[in-house]
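*Asks:* Below is the structure I would like to discuss, written out as structure tokens.
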Amino acid sequence: MNKMYGLCFHAVRQTAGLKSSRLLQRRAFRVSTLHRQQPFDSTLEKPQFPGASAEFVDQLEFIEPNVISGIPVYRVMDRQGNIINPSQDPQLSKETVLNFYQKMTMLNTMDRILYESQRQGRISFYMTNYGEEGTHIGSAAALNPNDLVFGQYREAGVLMYRGFSLDHFMAQCYANADDLGKGRQMPVHYGSKDLNFVTISSPLATQIPQAAGAAYAVKRENSNRAVICYFGEGAASEGDAHAGFNFSATLECPLIFFCRNNGYAISTPTNEQYRGDGIAARGPGYGMLSIRVDGNDVFAVYNATKEARRRAVAENQPFLIEAMTYRIGHHSTSDDSSAYRSVDEVNYWDKQDHPISRLRHYMTARGWWSEDDERSWRKQSRKTVMEAFERAERRLKPNPELLFTDVYQEMTPQLNKQRESLWRHVQQYKEHYPLDLYDK
């Protein structure tokens with residue numbers, strides 16, 4: 001372990017007044033003197049333990065779980081879309097704000113159509129993003145295109161903002177011949193190498209230590225990139241979260257941990273998930289800068305992510321953002337949330353504190369959006385989604401030969417034996433295998 005940590009290099013910290021371009025030019029890896037153990041002085045009556053910085057006390061007192069009365073929630077807009085503090089207004093252009101709104105509502109429309117598609121037996125599985133659209137679009141807009149994204153399974157809006165087409169979303173959910181993953185993944189397990197979005201993996205929280213490793217590689221490349229890792233408050237209970245947090249902090253990686261705290265880990269509410277003050281409270285214990293934001297305020301999410309991204313790259317350190325939001329939909333099509341929460345609770349968030357409604361209030365107050373615009377856009381967006389949906393349904397399934405590719409450069413004897421066995425079986429029982437539905 002000593003050898004491993006001896007290899008950890010740290011970026012030179014520049015003053016806040018330097019421009020980011022100068023910071024990048026002057027960054028250099030070195031062993032940080034700040035974190036070295038200070039020379040031992042036996043004459044000083046103070047703690048010399050290497051694992052903490054503290055003073056002696058002569059009173060027995062345990063530290064309370066919540067040292068402060070709750071970490072505050074940063075927001076820019078109130079629920080009616082009014083800017084609370086003008087100095088925090090990101091001053092985004094009309095075109096940018098309209099793009100935010102259209103991406104959020106397009107995602108909402110796609111969710112409704114694909115959810116109903118699963119209910120009709122057309123696809124096997126689906127997970128909606130209802131109520132969390134602001135966390136997706138606000139954070140995605142604050143990143144650079146070359147930043148690397150590790151998602152969990154409820155960040156479709158991030159990928160949509162980056163340019164993932166409706167045809168690609170549909171192809172993945174239908175596992176057809178146009179699917180970038182060649183039909184090998186469950187629905188909603190998207191990925192795109194071109195858009196720097198790492199393919200989603202079902203096991204919970206595995207992306208967190210992976211993101212730490214990727215961020216360390218980015219740091220060593222000195223490439224002016226950041227990594228962002230999305231996860232829910234339930235995933236933060238996994239051991240992988242601890243590993244990822246600790247590695248990213250000790251290795252000083254340009255990484256943004258983005259926690260969507262939506263109230264439920266499948267059916268487990270937050271009051272059964274943890275006893276501390278949410279997820280942001282864990283950051284200081286790992287030596288990370290942390291913030292809690294209103295996840296239903298797309299501007300607050302944008303501001304927090306943009307600043308975290310800027311500092312993560314300039315200073316080579318991780319940041320933890322806890323976005324407080326609410327999962328309006330069921331966890332997935334395998335879940336019935338009415339078994340563990342009330343309709344009144346869901347209706348409150350859907351009708352009174354929805355990120356789409358809040359942004360619409362903001363645009364309406366500025367004369368950027370009208371009832372006619374809303375009706376026209378909703379009709380147009382539904383038509384666009386349905387057209388992509390219909391194209392995906394008509395498309396053939398991937399060629400079965402793809403079952404055996406992309407693992408080995410040359411097919412192994414054992415794999416070739418399995419392939420031959422498959423085709424013998426298919427030919428013997430071909431009435432059960434409609435190969436005309438598969439791409440040749």
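Order determines the names: the first chain of the structure tokens is A, the second B, and so forth; residues in each chain are numbered 1 upward, and ligands are numbered 1 upward as they are shown.
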If you run DSSP on the backbone here, which positions in range 96-162 of chain A get alpha helix (DSSP H)? Please write them as a VMD selection string.

*Replies:* chain A and resid 96 to 119 133 to 141 156 to 161

*Asks:* Would you mind listing what lies within 6 Å of range 186-190 of chain A as a list in words, with only C-alpha atoms counted and same-chain residues fewer than 3 positions away left out?

*Replies:*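 Surrounding residues, per the criterion: Phe125, Cys173, Thr199 and Ile200 of chain A.
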
*Asks:* Restrict the selected residues to C-alpha atoms and save them as a CSV table (one decimal), in the first residue's frame.

*Replies:*
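Saved as again.csv:
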chain,number,residue,atom,x,y,z
A,125,PHE,CA,-38.5,-3.8,-19.7
A,173,CYS,CA,-34.9,-0.8,-26.2
A,199,THR,CA,-22.4,1.7,-21.4
A,200,ILE,CA,-24.7,1.2,-18.4

*Asks:* Nearest to Ile228 in chain A: which of A:Lys379, A:Arg309, A:Arg424, A:Arg275 is it, counting only C-alpha atoms?

*Replies:*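 Of all the options, A:Arg309 lies closest to Ile228 in chain A.
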
*Asks:* For Ala312 in chain A, which of A:Lys219, A:Lys430, A:Arg292, A:Arg184 is the closest residue, counting only C-alpha atoms?

*Replies:*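 Among the listed residues, the smallest separation from Ala312 in chain A belongs to A:Lys219.
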
*Asks:* Work out how far CA of Ser201 in chain A is from CA of Pro318 in chain A, in Å to one decimal.

*Replies:* 22.6 Å

*Asks:* With only C-alpha atoms as the basis for distance, which of A:Lys306, A:Lys193, A:Arg375, A:Arg122 is at the shortest distance from Leu148 in chain A?

*Replies:*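 Of the candidates, the smallest distance to Leu148 in chain A is held by A:Lys193.
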
*Asks:* With only C-alpha atoms as the counted atoms, please give the residues lying no more than 9 Å from Asp78 in chain A, apart from itself and same-chain residues fewer than 6 positions off, as a list of chain:residue names.

*Replies:*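 The neighbour list is A:Ile84, A:Asp297, A:Arg358.
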
*Asks:* Restricting the output to C-alpha atoms, write the selected residues as a short mmCIF file (atom, residue, chain, number, x, y, z; two decimals), in the first residue's frame.

*Replies:*
data_model
loop_
_atom_site.label_atom_id
_atom_site.label_comp_id
_atom_site.auth_asym_id
_atom_site.auth_seq_id
_atom_site.Cartn_x
_atom_site.Cartn_y
_atom_site.Cartn_z
CA ILE A 84 -34.56 34.36 -6.11
CA ASP A 297 -34.35 23.60 -10.43
CA ARG A 358 -40.92 25.30 -13.05
#

*Asks:* Which residues of range 167-206 of chain A sit at most 7 Å from range 397-421 of chain A, using only C-alpha atoms? Give each one's shortest atom pair and distance in Å (one decimal place), in chain and ascending residue order, as CSV.

*Replies:*
residue,atom,partner,partner_atom,distance
A:Ala175,CA,A:Lys397,CA,6.7
A:Asn176,CA,A:Lys397,CA,4.2
A:Ala177,CA,A:Pro398,CA,4.1
A:Lys182,CA,A:Pro398,CA,6.1
A:Gly183,CA,A:Pro398,CA,6.4

*Asks:* If you count only C-alpha atoms, which residues fall within 9 Å of range 346-354 of chain A, apart from same-chain ones fewer than 2 positions away, as a compact mmCIF listing (two decimals) with C-alpha atoms, in the first residue's frame?

*Replies:*
# COMPACT_ATOMS: atom_id res chain seq x y z
CA ARG A 79 -41.46 26.83 -7.57
CA GLN A 80 -43.11 29.53 -9.68
CA TYR A 130 -40.44 11.24 -14.61
CA GLY A 131 -39.66 14.08 -12.21
CA GLU A 132 -35.88 13.92 -12.59
CA GLU A 133 -35.54 15.65 -15.96
CA GLY A 134 -33.98 18.74 -14.38
CA ASN A 296 -36.06 20.27 -9.66
CA ASP A 297 -34.35 23.60 -10.43
CA TYR A 326 -38.44 12.94 -6.57
CA ARG A 327 -39.05 9.80 -8.59
CA ILE A 328 -42.62 10.30 -9.82
CA GLY A 329 -42.77 7.07 -11.81
CA ARG A 341 -46.32 5.31 -1.19
CA SER A 342 -49.55 7.23 -1.46
CA VAL A 343 -51.15 8.72 -4.56
CA ASP A 344 -51.33 12.09 -2.77
CA ILE A 356 -40.65 20.93 -16.30
CA SER A 357 -43.42 23.11 -14.86
CA ARG A 358 -40.92 25.30 -13.05
CA LEU A 359 -38.91 25.98 -16.19

*Asks:* Of the candidates A:Thr105, A:Gln118, A:Gln380, A:Thr364, which one gets nearest to His136 in chain A if we count only C-alpha atoms?

*Replies:*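 Under the stated criterion, the closest residue is A:Thr105.
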
*Asks:* What gap, in Å, lies between CA of Asn222 in chain A and CA of Leu320 in chain A?

*Replies:*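 Separation between CA of Asn222 in chain A and CA of Leu320 in chain A: 21.5 Å.
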
*Asks:* Counting only C-alpha atoms, which residue out of A:Gln428, A:Ser139, A:Gln172, A:Ser370 sits closest to Leu98 in chain A?

*Replies:*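 Ranking A:Gln428, A:Ser139, A:Gln172, A:Ser370 by distance to Leu98 in chain A, first place goes to A:Ser370.
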
*Asks:* With only C-alpha atoms as the basis for distance, which of A:Asn85, A:Gln48, A:Asn196, A:Asn108 is at the shortest distance from Ala140 in chain A?

*Replies:*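 When distances to Ala140 in chain A are compared using only C-alpha atoms, the smallest one comes from A:Asn196.
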
*Asks:* Report, in Å to a single decimal, how far apart CA of Asp439 in chain A and CA of Ala392 in chain A are.

*Replies:*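 One can read the CA of Ala392 in chain A to CA of Asp439 in chain A distance as 13.4 Å.
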
*Asks:* Excluding Arg391 in chain A and any residue of its chain fewer than 5 positions from it, enumerate the residues within 9 Å of it, using only C-alpha atoms, and give them as a PyMOL selection string.

*Replies:* chain A and resi 167+170-171+386

*Asks:* Once you have the residues from the selection above, write them out as a PDB file, in the first residue's frame, restricted to C-alpha atoms.

*Replies:*
ATOM      1  CA  ASP A 167     -33.687   6.170 -33.296  1.00  0.00           C
ATOM      2  CA  MET A 170     -35.596   3.009 -29.712  1.00  0.00           C
ATOM      3  CA  ALA A 171     -33.106   0.620 -31.328  1.00  0.00           C
ATOM      4  CA  MET A 386     -43.854   7.873 -32.597  1.00  0.00           C
TER       5      MET A 386
END
